[in-house]
file run_30.cif (mmCIF, C-alpha atoms)
data_query
loop_
_atom_site.label_atom_id
_atom_site.label_comp_id
_atom_site.auth_asym_id
_atom_site.auth_seq_id
_atom_site.Cartn_x
_atom_site.Cartn_y
_atom_site.Cartn_z
CA MET V 1 0.00 0.00 0.00
CA ILE V 2 2.79 2.43 0.92
CA ARG V 3 4.73 1.54 -2.25
CA VAL V 4 1.69 2.29 -4.40
CA ALA V 5 1.00 5.50 -2.45
CA ARG V 6 4.55 6.76 -3.08
CA LEU V 7 4.33 5.82 -6.75
CA VAL V 8 1.00 7.60 -7.26
CA ALA V 9 2.00 10.67 -5.24
CA GLY V 10 5.24 11.01 -7.21
CA LYS V 11 3.35 10.68 -10.48
CA ASP V 12 0.72 13.27 -9.50
CA LEU V 13 3.32 15.78 -8.31
CA ARG V 14 5.37 15.30 -11.47
CA LEU V 15 2.26 15.78 -13.61
CA GLU V 16 1.41 18.98 -11.78
CA ALA V 17 4.94 20.33 -11.95
CA ARG V 18 5.04 19.55 -15.66
CA SER V 19 1.65 21.05 -16.53
CA GLY V 20 1.97 24.10 -14.27
CA VAL V 21 -1.82 24.37 -13.94
CA LEU V 22 -1.76 25.00 -10.20
CA VAL V 23 0.83 27.75 -10.41
CA THR V 24 -0.39 29.48 -13.55
CA GLN V 25 -4.16 29.09 -13.11
CA VAL V 26 -5.30 28.00 -9.64
CA LEU V 27 -2.93 30.20 -7.61
CA PRO V 28 -3.67 33.40 -9.59
CA PHE V 29 -7.37 32.68 -9.16
CA GLY V 30 -6.88 32.33 -5.40
CA VAL V 31 -4.86 35.55 -5.26
CA MET V 32 -7.55 37.45 -7.16
CA ALA V 33 -10.29 36.03 -4.94
CA LEU V 34 -8.35 37.04 -1.83
CA VAL V 35 -7.78 40.57 -3.13
CA LEU V 36 -11.46 40.89 -4.04
CA ALA V 37 -12.49 39.55 -0.63
CA GLY V 38 -10.36 42.22 1.02
CA LEU V 39 -11.75 44.93 -1.22
CA ALA V 40 -15.34 43.82 -0.60
CA LEU V 41 -15.13 44.58 3.09
CA GLY V 42 -12.41 47.15 2.86
CA PRO V 43 -9.06 45.88 4.05
CA ARG V 44 -9.01 47.78 7.33
CA ARG V 45 -12.48 46.64 8.28
CA ALA V 46 -11.65 43.04 7.34
CA GLY V 47 -8.63 43.08 9.60
CA HIS V 48 -10.50 44.54 12.51
CA SER V 49 -13.86 42.81 12.17
CA GLY V 50 -12.54 39.29 12.65
CA ALA V 51 -13.74 38.37 9.19
CA ALA V 52 -10.25 37.69 7.85
CA PRO V 53 -10.05 34.01 8.82
CA GLY V 54 -13.49 33.38 7.30
CA LEU V 55 -12.57 35.16 4.08
CA PHE V 56 -9.29 33.29 3.94
CA TYR V 57 -11.04 29.93 4.28
CA LEU V 58 -13.67 30.92 1.72
CA VAL V 59 -10.85 31.41 -0.78
CA VAL V 60 -9.23 28.14 0.38
CA LEU V 61 -12.52 26.38 -0.33
CA LEU V 62 -12.63 27.67 -3.91
CA VAL V 63 -8.99 26.80 -4.52
CA THR V 64 -9.45 23.35 -3.00
CA LEU V 65 -12.39 22.57 -5.30
CA LEU V 66 -10.28 23.51 -8.33
CA ALA V 67 -7.32 21.46 -7.12
CA VAL V 68 -9.50 18.42 -6.40
CA ALA V 69 -11.10 18.63 -9.85
CA ARG V 70 -7.63 18.84 -11.38
CA SER V 71 -6.37 15.87 -9.35
CA GLN V 72 -9.26 13.71 -10.55
CA ALA V 73 -9.23 14.97 -14.13
CA VAL V 74 -5.79 13.51 -14.87
CA GLU V 75 -7.22 10.03 -14.22
CA ARG V 76 -10.49 10.50 -16.06
CA THR V 77 -9.68 10.21 -19.76
CA ALA V 78 -11.21 6.96 -20.93
CA GLY V 79 -8.01 5.36 -22.21
CA THR V 80 -5.89 6.33 -19.22
CA ARG V 81 -8.49 5.04 -16.83
CA ALA V 82 -8.67 1.64 -18.55
CA SER V 83 -4.91 1.26 -18.88
CA VAL V 84 -4.21 2.22 -15.28
CA ALA V 85 -7.08 0.04 -14.04
CA THR V 86 -5.42 -2.98 -15.64
CA LEU V 87 -2.31 -2.32 -13.56
CA GLY V 88 -4.39 -3.56 -10.62
CA LEU V 89 -3.04 -0.94 -8.21
CA ASP V 90 -4.08 -1.27 -4.58
CA PRO V 91 -6.95 1.28 -4.29
CA ALA V 92 -6.02 2.17 -0.71
CA GLY V 93 -2.53 3.05 -1.92
CA VAL V 94 -3.96 5.08 -4.80
CA PHE V 95 -6.17 7.00 -2.35
CA LEU V 96 -3.30 7.73 0.02
CA GLY V 97 -0.99 8.71 -2.84
CA LYS V 98 -3.49 11.10 -4.39
CA THR V 99 -4.27 12.54 -0.94
CA ALA V 100 -0.57 13.07 -0.22
CA ALA V 101 0.04 14.80 -3.55
CA LEU V 102 -3.08 16.96 -3.24
CA GLY V 103 -2.21 17.77 0.37
CA LEU V 104 1.27 18.98 -0.60
CA GLU V 105 -0.18 21.06 -3.43
CA LEU V 106 -2.79 22.61 -1.12
CA ILE V 107 -0.19 23.34 1.55
CA GLY V 108 1.89 25.20 -1.01
CA LEU V 109 -1.10 27.19 -2.20
CA GLY V 110 -2.43 27.73 1.33
CA VAL V 111 0.83 29.08 2.73
CA VAL V 112 1.13 31.59 -0.13
CA LEU V 113 -2.49 32.68 0.32
CA GLU V 114 -2.11 33.00 4.09
CA MET V 115 0.92 35.23 3.70
CA LEU V 116 -0.98 37.24 1.11
CA ALA V 117 -3.82 37.61 3.64
CA VAL V 118 -1.39 39.52 5.84
CA VAL V 119 -1.30 42.16 3.09
CA THR V 120 -4.81 42.06 1.67
CA LEU V 121 -6.81 41.41 4.86
CA HIS V 122 -4.46 43.13 7.33
CA VAL V 123 -3.99 39.92 9.32
CA ALA V 124 -1.24 40.25 11.94
CA LEU V 125 1.86 38.42 10.70
CA ALA V 126 2.58 36.95 14.14
CA GLY V 127 -0.97 35.61 14.36
CA ALA V 128 -0.77 34.19 10.86
CA LEU V 129 2.43 32.33 11.77
CA VAL V 130 0.85 30.95 14.95
CA ALA V 131 -2.15 29.81 12.89
CA LEU V 132 0.03 28.12 10.27
CA PRO V 133 0.03 24.61 11.86
CA SER V 134 -3.77 24.59 12.07
CA VAL V 135 -4.00 25.78 8.45
CA VAL V 136 -1.69 22.96 7.35
CA ALA V 137 -3.72 20.37 9.30
CA THR V 138 -6.95 21.70 7.79
CA LEU V 139 -5.50 21.58 4.26
CA ILE V 140 -4.40 17.94 4.70
CA ALA V 141 -7.88 17.03 5.94
CA LEU V 142 -9.40 18.89 2.97
CA ALA V 143 -7.11 16.88 0.67
CA ALA V 144 -8.34 13.60 2.16
CA ALA V 145 -12.00 14.62 1.93
CA GLY V 146 -11.47 16.10 -1.53
CA THR V 147 -9.85 12.93 -2.90
CA LEU V 148 -12.68 10.84 -1.48
CA TYR V 149 -15.47 13.06 -2.81
CA GLY V 150 -13.66 13.66 -6.10
CA ALA V 151 -13.85 9.93 -6.75
CA LEU V 152 -17.47 9.90 -5.60
CA ALA V 153 -18.36 12.64 -8.08
CA GLY V 154 -17.20 10.27 -10.81
CA GLU V 155 -16.76 11.30 -14.42
CA GLY V 156 -18.93 12.87 -17.05
CA SER V 157 -20.39 16.21 -17.93
CA GLY V 158 -21.93 16.80 -14.51
CA THR V 159 -18.78 16.25 -12.46
CA VAL V 160 -17.71 19.89 -12.32
CA THR V 161 -20.97 20.97 -10.71
CA LEU V 162 -21.57 17.78 -8.76
CA LEU V 163 -18.25 17.94 -6.91
CA PRO V 164 -19.01 21.13 -4.92
CA VAL V 165 -22.49 19.89 -4.02
CA LEU V 166 -21.12 16.59 -2.70
CA ALA V 167 -18.00 17.96 -1.09
CA LEU V 168 -19.34 21.04 0.71
CA PRO V 169 -21.04 19.13 3.54
CA ALA V 170 -17.82 17.19 4.07
CA PHE V 171 -15.70 20.32 3.93
CA ALA V 172 -17.95 22.36 6.23
CA PRO V 173 -16.74 21.05 9.62
CA LEU V 174 -13.14 21.38 8.47
CA LEU V 175 -13.62 24.94 7.29
CA ILE V 176 -15.46 25.94 10.48
CA ALA V 177 -12.84 24.33 12.73
CA GLY V 178 -10.03 25.87 10.68
CA GLU V 179 -11.61 29.32 10.84
CA ARG V 180 -12.09 29.08 14.62
CA ALA V 181 -8.52 27.90 15.15
CA PHE V 182 -7.24 30.76 12.94
CA SER V 183 -9.37 33.29 14.86
CA ALA V 184 -8.11 31.92 18.16
CA ALA V 185 -4.50 32.24 16.97
CA LEU V 186 -5.09 35.87 15.99
CA SER V 187 -6.48 36.65 19.45
CA HIS V 188 -3.66 34.75 21.21
CA GLN V 189 -5.92 31.99 22.51
CA SER V 190 -5.58 28.23 22.25
CA ALA V 191 -8.23 26.22 20.41
CA PRO V 192 -7.88 22.56 21.40
CA ARG V 193 -11.53 21.78 20.64
CA TRP V 194 -11.22 22.96 17.01
CA TRP V 195 -7.92 21.15 16.57
CA LEU V 196 -9.58 17.97 17.82
CA ILE V 197 -12.41 18.31 15.29
CA THR V 198 -9.90 18.74 12.47
CA LEU V 199 -7.80 15.75 13.50
CA VAL V 200 -10.80 13.47 14.09
CA ALA V 201 -12.26 14.44 10.70
CA LEU V 202 -8.87 13.80 9.05
CA ALA V 203 -8.65 10.35 10.62
CA ALA V 204 -12.23 9.58 9.59
CA TYR V 205 -11.75 10.64 5.96
CA LEU V 206 -8.50 8.70 5.71
CA ALA V 207 -10.12 5.57 7.12
CA VAL V 208 -13.18 5.81 4.86
CA GLY V 209 -10.98 6.51 1.84
CA VAL V 210 -8.69 3.54 2.47
CA LEU V 211 -11.68 1.23 2.90
CA THR V 212 -13.92 2.46 0.06
CA TYR V 213 -11.78 4.03 -2.66
CA GLY V 214 -11.75 0.84 -4.75
CA VAL V 215 -15.54 0.70 -4.76
CA LEU V 216 -15.80 4.39 -5.68
CA GLU V 217 -13.34 3.96 -8.54
CA ASP V 218 -15.35 1.10 -9.97
CA THR V 219 -18.73 2.80 -9.90
CA MET O 1 7.19 -11.37 -24.04
CA SER O 2 6.16 -14.59 -22.25
CA PRO O 3 3.32 -14.09 -19.83
CA ASP O 4 3.94 -14.57 -16.13
CA GLY O 5 1.20 -17.17 -15.84
CA PRO O 6 1.49 -20.67 -17.33
CA ALA O 7 0.16 -21.05 -20.87
CA ARG O 8 -1.89 -24.23 -21.30
CA ALA O 9 -2.34 -25.35 -24.89
CA GLY O 10 -5.96 -26.28 -25.61
CA ALA O 11 -7.21 -24.65 -22.43
CA ARG O 12 -9.71 -21.81 -22.64
CA ALA O 13 -8.62 -18.30 -21.84
CA VAL O 14 -12.14 -17.00 -22.49
CA ASP O 15 -15.36 -18.88 -21.90
CA LEU O 16 -18.52 -16.78 -22.19
CA GLU O 17 -22.09 -18.03 -22.32
CA ASP O 18 -24.95 -15.60 -22.98
CA ALA O 19 -22.88 -12.81 -21.43
CA VAL O 20 -24.91 -9.64 -20.92
CA VAL O 21 -23.52 -6.22 -20.00
CA VAL O 22 -25.91 -3.39 -19.17
CA ARG O 23 -24.76 0.12 -18.41
CA GLY O 24 -27.07 2.96 -17.49
CA GLY O 25 -30.02 0.80 -18.47
CA PHE O 26 -28.62 0.30 -21.97
CA PRO O 27 -27.53 -3.20 -23.06
CA LEU O 28 -23.97 -3.04 -24.37
CA LEU O 29 -23.79 -6.80 -24.84
CA ALA O 30 -27.02 -8.70 -25.36
CA GLY O 31 -25.92 -12.32 -24.86
CA VAL O 32 -22.45 -13.14 -26.19
CA THR O 33 -21.34 -16.73 -26.33
CA LEU O 34 -17.65 -17.07 -27.14
CA ASP O 35 -14.70 -19.24 -26.28
CA VAL O 36 -11.07 -18.49 -27.01
CA GLU O 37 -8.21 -20.93 -26.59
CA VAL O 38 -5.01 -20.02 -24.80
CA GLY O 39 -2.26 -18.78 -27.10
CA THR O 40 -4.50 -17.88 -30.05
CA LEU O 41 -5.33 -14.68 -31.92
CA THR O 42 -8.99 -13.69 -32.23
CA VAL O 43 -10.07 -10.71 -34.33
CA LEU O 44 -13.41 -9.06 -33.53
CA ARG O 45 -15.21 -7.58 -36.53
CA GLY O 46 -18.41 -5.62 -36.80
CA PRO O 47 -19.85 -2.20 -37.50
CA ASN O 48 -19.63 0.73 -35.08
CA GLY O 49 -21.76 0.07 -32.01
CA ALA O 50 -21.70 -3.70 -32.52
CA GLY O 51 -20.24 -4.24 -29.05
CA LYS O 52 -16.56 -4.89 -29.86
CA THR O 53 -15.16 -2.44 -27.31
CA SER O 54 -17.72 -3.50 -24.70
CA LEU O 55 -16.72 -7.14 -25.17
CA LEU O 56 -13.04 -6.25 -24.77
CA ARG O 57 -13.85 -4.25 -21.64
CA LEU O 58 -15.79 -7.19 -20.21
CA LEU O 59 -12.84 -9.50 -20.91
CA GLY O 60 -10.53 -7.02 -19.18
CA GLY O 61 -12.64 -6.78 -16.04
CA LEU O 62 -13.49 -3.17 -16.88
CA GLU O 63 -17.23 -3.85 -17.18
CA ALA O 64 -19.30 -5.93 -14.80
CA LEU O 65 -21.18 -8.97 -16.05
CA SER O 66 -24.91 -8.24 -15.75
CA GLY O 67 -26.18 -11.65 -16.86
CA GLY O 68 -25.07 -14.98 -18.24
CA ARG O 69 -21.85 -16.74 -17.32
CA GLY O 70 -18.20 -16.09 -17.99
CA VAL O 71 -14.70 -17.17 -17.02
CA VAL O 72 -11.70 -15.17 -18.28
CA ALA O 73 -8.09 -16.10 -17.49
CA GLY O 74 -9.41 -18.38 -14.79
CA VAL O 75 -11.45 -15.66 -13.09
CA ASP O 76 -15.22 -16.11 -12.77
CA LEU O 77 -16.75 -12.84 -14.00
CA ALA O 78 -19.86 -13.26 -11.86
CA ARG O 79 -18.23 -14.14 -8.57
CA GLY O 80 -14.49 -13.53 -8.93
CA ASP O 81 -12.35 -10.52 -8.15
CA ARG O 82 -12.30 -8.24 -11.22
CA ARG O 83 -9.19 -6.53 -9.87
CA GLN O 84 -7.38 -9.86 -10.00
CA LEU O 85 -8.47 -10.30 -13.62
CA ARG O 86 -7.28 -6.79 -14.55
CA ARG O 87 -3.77 -7.60 -13.41
CA ARG O 88 -3.69 -10.45 -15.94
CA VAL O 89 -4.63 -8.42 -18.99
CA GLY O 90 -2.78 -5.89 -21.10
CA TRP O 91 -5.05 -3.21 -22.52
CA VAL O 92 -4.56 -0.98 -25.55
CA GLY O 93 -7.46 1.37 -26.18
CA HIS O 94 -8.08 3.60 -29.15
CA GLU O 95 -8.58 6.70 -26.99
CA GLY O 96 -5.00 7.03 -25.82
CA SER O 97 -3.70 5.28 -22.77
CA PHE O 98 -1.39 7.60 -20.92
CA TYR O 99 -0.74 10.61 -18.77
CA ASP O 100 -0.25 13.34 -21.35
CA ASP O 101 2.17 15.40 -19.26
CA LEU O 102 4.58 12.54 -18.58
CA SER O 103 7.24 11.54 -21.08
CA ALA O 104 7.04 8.25 -22.96
CA ALA O 105 9.65 6.70 -20.65
CA GLU O 106 8.00 8.10 -17.50
CA ASN O 107 4.66 6.57 -18.47
CA LEU O 108 6.24 3.17 -19.00
CA ARG O 109 8.30 3.47 -15.80
CA PHE O 110 5.08 4.15 -13.88
CA ALA O 111 3.58 0.94 -15.29
CA ALA O 112 6.76 -1.05 -14.69
CA ARG O 113 7.05 0.06 -11.07
CA ALA O 114 3.36 -0.55 -10.44
CA LEU O 115 3.87 -4.12 -11.62
CA GLY O 116 7.19 -4.61 -9.84
CA ARG O 117 9.11 -4.85 -13.13
CA PRO O 118 12.68 -3.56 -13.39
CA ASP O 119 13.13 -0.11 -14.90
CA ASP O 120 15.38 -1.47 -17.66
CA ALA O 121 12.33 -3.19 -19.17
CA VAL O 122 11.28 0.29 -20.28
CA ALA O 123 14.24 0.99 -22.56
CA GLY O 124 13.89 -2.41 -24.21
CA ALA O 125 10.18 -1.94 -24.87
CA LEU O 126 10.68 1.54 -26.34
CA ALA O 127 13.46 0.29 -28.62
CA ARG O 128 11.30 -2.61 -29.70
CA VAL O 129 8.54 -0.33 -31.02
CA GLY O 130 10.95 2.20 -32.53
CA LEU O 131 10.39 4.91 -29.93
CA ALA O 132 13.80 4.96 -28.25
CA PRO O 133 14.63 8.40 -29.74
CA ARG O 134 11.36 9.74 -28.29
CA ALA O 135 11.82 8.32 -24.79
CA ARG O 136 12.02 11.76 -23.18
CA THR O 137 9.33 13.38 -25.30
CA ILE O 138 6.22 14.50 -23.44
CA THR O 139 3.41 12.17 -24.51
CA ARG O 140 1.07 14.96 -25.61
CA ARG O 141 3.72 15.96 -28.17
CA LEU O 142 3.84 12.53 -29.77
CA SER O 143 1.95 11.98 -33.00
CA ALA O 144 -1.09 9.70 -33.01
CA GLY O 145 0.97 6.90 -34.54
CA GLN O 146 3.74 7.33 -31.99
CA ARG O 147 1.20 7.21 -29.18
CA GLN O 148 -0.09 3.95 -30.62
CA ARG O 149 3.45 2.59 -30.65
CA LEU O 150 3.80 3.69 -27.02
CA ALA O 151 0.66 1.72 -26.23
CA LEU O 152 2.32 -1.35 -27.72
CA ALA O 153 5.41 -0.72 -25.60
CA TRP O 154 3.10 -0.55 -22.58
CA LEU O 155 1.91 -4.07 -23.52
CA LEU O 156 5.46 -5.36 -23.74
CA VAL O 157 6.24 -4.02 -20.27
CA ARG O 158 3.06 -5.62 -18.90
CA ARG O 159 3.90 -9.25 -19.83
CA ALA O 160 0.21 -10.05 -19.43
CA GLU O 161 -1.33 -13.42 -20.28
CA LEU O 162 -4.27 -11.90 -22.16
CA TRP O 163 -3.84 -8.97 -24.55
CA LEU O 164 -6.89 -6.89 -25.42
CA LEU O 165 -6.38 -4.38 -28.22
CA ASP O 166 -9.10 -2.01 -29.38
CA GLU O 167 -8.42 -0.80 -32.92
CA PRO O 168 -4.62 -1.12 -32.62
CA TYR O 169 -4.07 -0.25 -36.29
CA ALA O 170 -5.67 3.17 -35.98
CA ALA O 171 -3.26 5.99 -36.92
CA LEU O 172 -0.44 3.60 -37.79
CA ASP O 173 1.48 3.67 -41.05
CA ASP O 174 2.31 0.49 -42.99
CA GLU O 175 5.45 -0.10 -40.97
CA GLY O 176 3.51 0.34 -37.73
CA ARG O 177 0.78 -2.04 -38.89
CA ALA O 178 3.39 -4.65 -39.74
CA LEU O 179 4.93 -4.13 -36.30
CA VAL O 180 1.55 -4.80 -34.65
CA ASP O 181 1.09 -8.04 -36.60
CA HIS O 182 4.64 -9.11 -35.81
CA LEU O 183 4.17 -8.48 -32.09
CA LEU O 184 0.83 -10.30 -32.09
CA ALA O 185 2.34 -13.32 -33.86
CA GLU O 186 5.26 -13.34 -31.44
CA ALA O 187 2.93 -13.04 -28.46
CA THR O 188 0.68 -15.92 -29.47
CA ALA O 189 3.75 -18.07 -30.18
CA ALA O 190 4.84 -17.36 -26.61
CA GLY O 191 1.48 -18.51 -25.25
CA VAL O 192 -0.22 -15.14 -24.87
CA THR O 193 -3.91 -15.03 -25.79
CA VAL O 194 -4.77 -12.04 -27.96
CA VAL O 195 -8.19 -10.56 -28.73
CA VAL O 196 -8.22 -7.62 -31.14
CA SER O 197 -11.00 -5.46 -32.49
CA ALA O 198 -10.24 -4.12 -35.95
CA HIS O 199 -11.95 -2.65 -38.95
CA GLU O 200 -8.91 -3.08 -41.15
CA PRO O 201 -7.64 -6.42 -42.45
CA LEU O 202 -4.45 -7.70 -40.80
CA ALA O 203 -1.35 -6.56 -42.67
CA ARG O 204 0.34 -9.97 -42.52
CA PRO O 205 -2.40 -12.40 -41.55
CA GLY O 206 -1.07 -15.37 -39.57
CA PRO O 207 -3.22 -18.05 -37.98
CA HIS O 208 -6.22 -16.36 -36.43
CA ARG O 209 -9.95 -16.63 -35.95
CA GLU O 210 -12.46 -13.94 -36.89
CA VAL O 211 -15.59 -13.32 -34.83
CA THR O 212 -18.28 -10.94 -36.09
CA LEU O 213 -20.45 -8.97 -33.71
CA ALA O 214 -23.69 -7.13 -34.42
CA GLY O 215 -26.17 -5.65 -31.97
CA GLY O 216 -24.20 -6.85 -28.96
CA ARG O 217 -24.20 -10.50 -30.07
CA VAL O 218 -21.91 -12.84 -31.96
CA VAL O 219 -23.17 -13.36 -35.48
CA PRO O 220 -22.93 -17.03 -36.51
#
call {"tool": "encode", "arguments": {"input": "run_30.cif", "output": "structure tokens"}}
result
Amino acid sequence: MIRVARLVAGKDLRLEARSGVLVTQVLPFGVMALVLAGLALGPRRAGHSGAAPGLFYLVVLLVTLLAVARSQAVERTAGTRASVATLGLDPAGVFLGKTAALGLELIGLGVVLEMLAVVTLHVALAGALVALPSVVATLIALAAAGTLYGALAGEGSGTVTLLPVLALPAFAPLLIAGERAFSAALSHQSAPRWWLITLVALAAYLAVGVLTYGVLEDT
Amino acid sequence: MSPDGPARAGARAVDLEDAVVVRGGFPLLAGVTLDVEVGTLTVLRGPNGAGKTSLLRLLGGLEALSGGRGVVAGVDLARGDRRQLRRRVGWVGHEGSFYDDLSAAENLRFAARALGRPDDAVAGALARVGLAPRARTITRRLSAGQRQRLALAWLLVRRAELWLLDEPYAALDDEGRALVDHLLAEATAAGVTVVVSAHEPLARPGPHREVTLAGGRVVP
């Protein structure tokens, strides 16, 4: 399982580095969304109203949906799917590999966006740095949930619109917990309850993915 | 070239009886009865929509059996593990079979590592199909014919006991078509069972059997 996970993660990261879609399309979209979010409230008001963590995670949600769709799309062409299926890869390993690659991609995007939030949303740099571990944990959990629900959304013309509908309920507790942990970090408080929710959800999505990914791939 | 599993002369690699495949409420196969001996070449003929690709996908464990009975490469299609069957087949589709942003060699290395084959199998397979000079070329930059050759190299890396090829002659020039026939003849001689769907006649027809499909059934 670990061997397959490493193989799939390496392949996905190489594909992404080669295509440059995340850097040239998804990241600029996230940057624009973050700038617009700041402008919508006015940057000073955003920084002082406590809305910054929520706006940041709203942008993270949009970026995550794009990254998940991209992660699944590389497997979805009919010929590729059939050829790779006949390799008989362990589905649990495939799930973990795709989650690892997506998680690393999201962490890269998330860290850039969080630092940008310091400028566009007037988030205190010290608070943003304190919040960084919780942001990373949330992004990894989003990667696990996104990989699971990306497979569930399947293929076909409706996938692009079906993915957000399916994934949002799964993302919601992660986004809420992440936003609360970020807010707590900005106000110099600890947030063990929100950390616990994130870690429990991560464990749950990983367990469900390992157990069911093969079934989802086949249907 | 030899498959990993034992080839048994006279034994059946494919044994279907009234096999039905339904997808989305639409019958793709409407009762196919077919047997194929180990180490033989079978060519599927028929018009578009006859069920050739669906039959190949059923044989590869890529479609579930909805009705009837079937055993392929020793795996019961109704009760067996389709994932186990998939590991025994080599698949070449007509839609392209690769990750477009990986090079030819990287695609084959991915397959080789997934199957636990040594990396040096890749160079040999690429040379065999005349793609050694294009080993580092990104797959999306290969021509349609070169992509088809890469699909053949993928087969050589697989060392599967059952080859399933969907329109393998598409986009190939005369030299490429001759290469396909040569590889198929070599494979069957080594005990590999080959099932091919093709509209074109074989370039250098060796011993083979032709099966015609129409409306999701075998035409007698």
call {"tool": "closest_residue", "arguments": {"input": "run_30.cif", "among": "V:Thr77, V:Gln25, V:Thr120, V:Ser134", "to": "Val63 of chain V", "atoms": "only C-alpha atoms"}}
result
V:Gln25
call {"tool": "resolve_selection", "arguments": {"input": "run_30.cif", "expression": "the PyMOL selection byres ((chain O and resi 109-121) around 10)", "output": "ChimeraX atom specification"}}
result
/V:3-4,7-8,10-11,83-84,86-90 /O:87,99,102-108,122-126,153-159
call {"tool": "interface_residues", "arguments": {"input": "run_30.cif", "of": "chain O", "to": "chain V", "cutoff": "6 Å", "atoms": "only C-alpha atoms", "output": "number ranges by chain"}}
result
O: 83, 86-87, 91, 93, 95-98, 101
call {"tool": "atom_distance", "arguments": {"input": "run_30.cif", "atom1": "atom CA of Gly60 of chain O", "atom2": "atom CA of Ala135 of chain O"}}
result
27.7 Å
call {"tool": "residues_around", "arguments": {"input": "run_30.cif", "residues": "Gly68 of chain O", "least_positions_apart": "4", "cutoff": "6 Å", "atoms": "all atoms listed in the file", "output": "list in words"}}
result
Glu17, Asp18, Ala19 and Val20 of chain O
call {"tool": "residues_around", "arguments": {"input": "run_30.cif", "residues": "segment 30-38 of chain V", "least_positions_apart": "3", "cutoff": "9 Å", "atoms": "only C-alpha atoms", "output": "list in words"}}
result
Gln25, Val26, Leu27, Leu41, Gly42, Pro43, Arg44, Arg45, Ala46, Gly47, Ala52, Leu55, Phe56, Leu58, Val59, Val60, Leu62, Val63, Leu109, Val112, Leu113, Leu116, Ala117, Thr120, Leu121 and His122 of chain V
call {"tool": "write_last_selection", "arguments": {"input": "run_30.cif", "atoms": "C-alpha atoms", "output": "mmCIF file, in the frame of the given file"}}
result
data_model
loop_
_atom_site.group_PDB
_atom_site.id
_atom_site.type_symbol
_atom_site.label_atom_id
_atom_site.label_comp_id
_atom_site.auth_asym_id
_atom_site.auth_seq_id
_atom_site.Cartn_x
_atom_site.Cartn_y
_atom_site.Cartn_z
ATOM 1 C CA GLN V 25 -4.160 29.090 -13.110
ATOM 2 C CA VAL V 26 -5.300 28.000 -9.640
ATOM 3 C CA LEU V 27 -2.930 30.200 -7.610
ATOM 4 C CA LEU V 41 -15.130 44.580 3.090
ATOM 5 C CA GLY V 42 -12.410 47.150 2.860
ATOM 6 C CA PRO V 43 -9.060 45.880 4.050
ATOM 7 C CA ARG V 44 -9.010 47.780 7.330
ATOM 8 C CA ARG V 45 -12.480 46.640 8.280
ATOM 9 C CA ALA V 46 -11.650 43.040 7.340
ATOM 10 C CA GLY V 47 -8.630 43.080 9.600
ATOM 11 C CA ALA V 52 -10.250 37.690 7.850
ATOM 12 C CA LEU V 55 -12.570 35.160 4.080
ATOM 13 C CA PHE V 56 -9.290 33.290 3.940
ATOM 14 C CA LEU V 58 -13.670 30.920 1.720
ATOM 15 C CA VAL V 59 -10.850 31.410 -0.780
ATOM 16 C CA VAL V 60 -9.230 28.140 0.380
ATOM 17 C CA LEU V 62 -12.630 27.670 -3.910
ATOM 18 C CA VAL V 63 -8.990 26.800 -4.520
ATOM 19 C CA LEU V 109 -1.100 27.190 -2.200
ATOM 20 C CA VAL V 112 1.130 31.590 -0.130
ATOM 21 C CA LEU V 113 -2.490 32.680 0.320
ATOM 22 C CA LEU V 116 -0.980 37.240 1.110
ATOM 23 C CA ALA V 117 -3.820 37.610 3.640
ATOM 24 C CA THR V 120 -4.810 42.060 1.670
ATOM 25 C CA LEU V 121 -6.810 41.410 4.860
ATOM 26 C CA HIS V 122 -4.460 43.130 7.330
#
call {"tool": "closest_residue", "arguments": {"input": "run_30.cif", "among": "O:Asp35, O:Gly80, O:Gly191, O:Gly46", "to": "Thr212 of chain O", "atoms": "only C-alpha atoms"}}
result
O:Gly46
call {"tool": "atom_distance", "arguments": {"input": "run_30.cif", "atom1": "atom CA of Val215 of chain V", "atom2": "atom CA of Leu148 of chain V"}}
result
11.0 Å
call {"tool": "residues_around", "arguments": {"input": "run_30.cif", "residues": "segment 192-202 of chain O", "least_positions_apart": "3", "cutoff": "7 Å", "atoms": "only C-alpha atoms", "output": "list in words"}}
result
Ser2, Pro3, Ala13, Val38, Gly39, Thr40, Leu41, Thr42, Val43, Leu44, Arg45, Lys52, Glu161, Leu162, Trp163, Leu164, Leu165, Asp166, Glu167, Asp181, Ala187, Thr188 and Pro205 of chain O
call {"tool": "residues_near_point", "arguments": {"input": "run_30.cif", "point": "(-21.2, -8.2, -24.1)", "cutoff": "12 Å", "atoms": "only C-alpha atoms", "output": "ChimeraX atom specification"}}
result
/O:16-23,26-34,49-70,77,213-218
call {"tool": "atom_distance", "arguments": {"input": "run_30.cif", "atom1": "atom CA of Pro47 of chain O", "atom2": "atom CA of Arg147 of chain O"}}
result
24.5 Å
call {"tool": "residues_around", "arguments": {"input": "run_30.cif", "residues": "Val111 of chain V", "least_positions_apart": "2", "cutoff": "10 Å", "atoms": "all atoms listed in the file", "output": "PyMOL selection string"}}
result
chain V and resi 106-109+113-117+128-129+132+135-136+139
call {"tool": "resolve_selection", "arguments": {"input": "run_30.cif", "expression": "the PyMOL selection byres ((chain V and resi 164-176) around 8)", "output": "NGL selection string"}}
result
:V and (57 or 61 or 65 or 138 or 141-142 or 145-146 or 149-150 or 153 or 160-163 or 177-180 or 197-198 or 201)
call {"tool": "closest_residue", "arguments": {"input": "run_30.cif", "among": "V:Ser190, V:Thr147, V:Thr64, V:Thr159", "to": "Phe95 of chain V", "atoms": "all atoms listed in the file"}}
result
V:Thr147
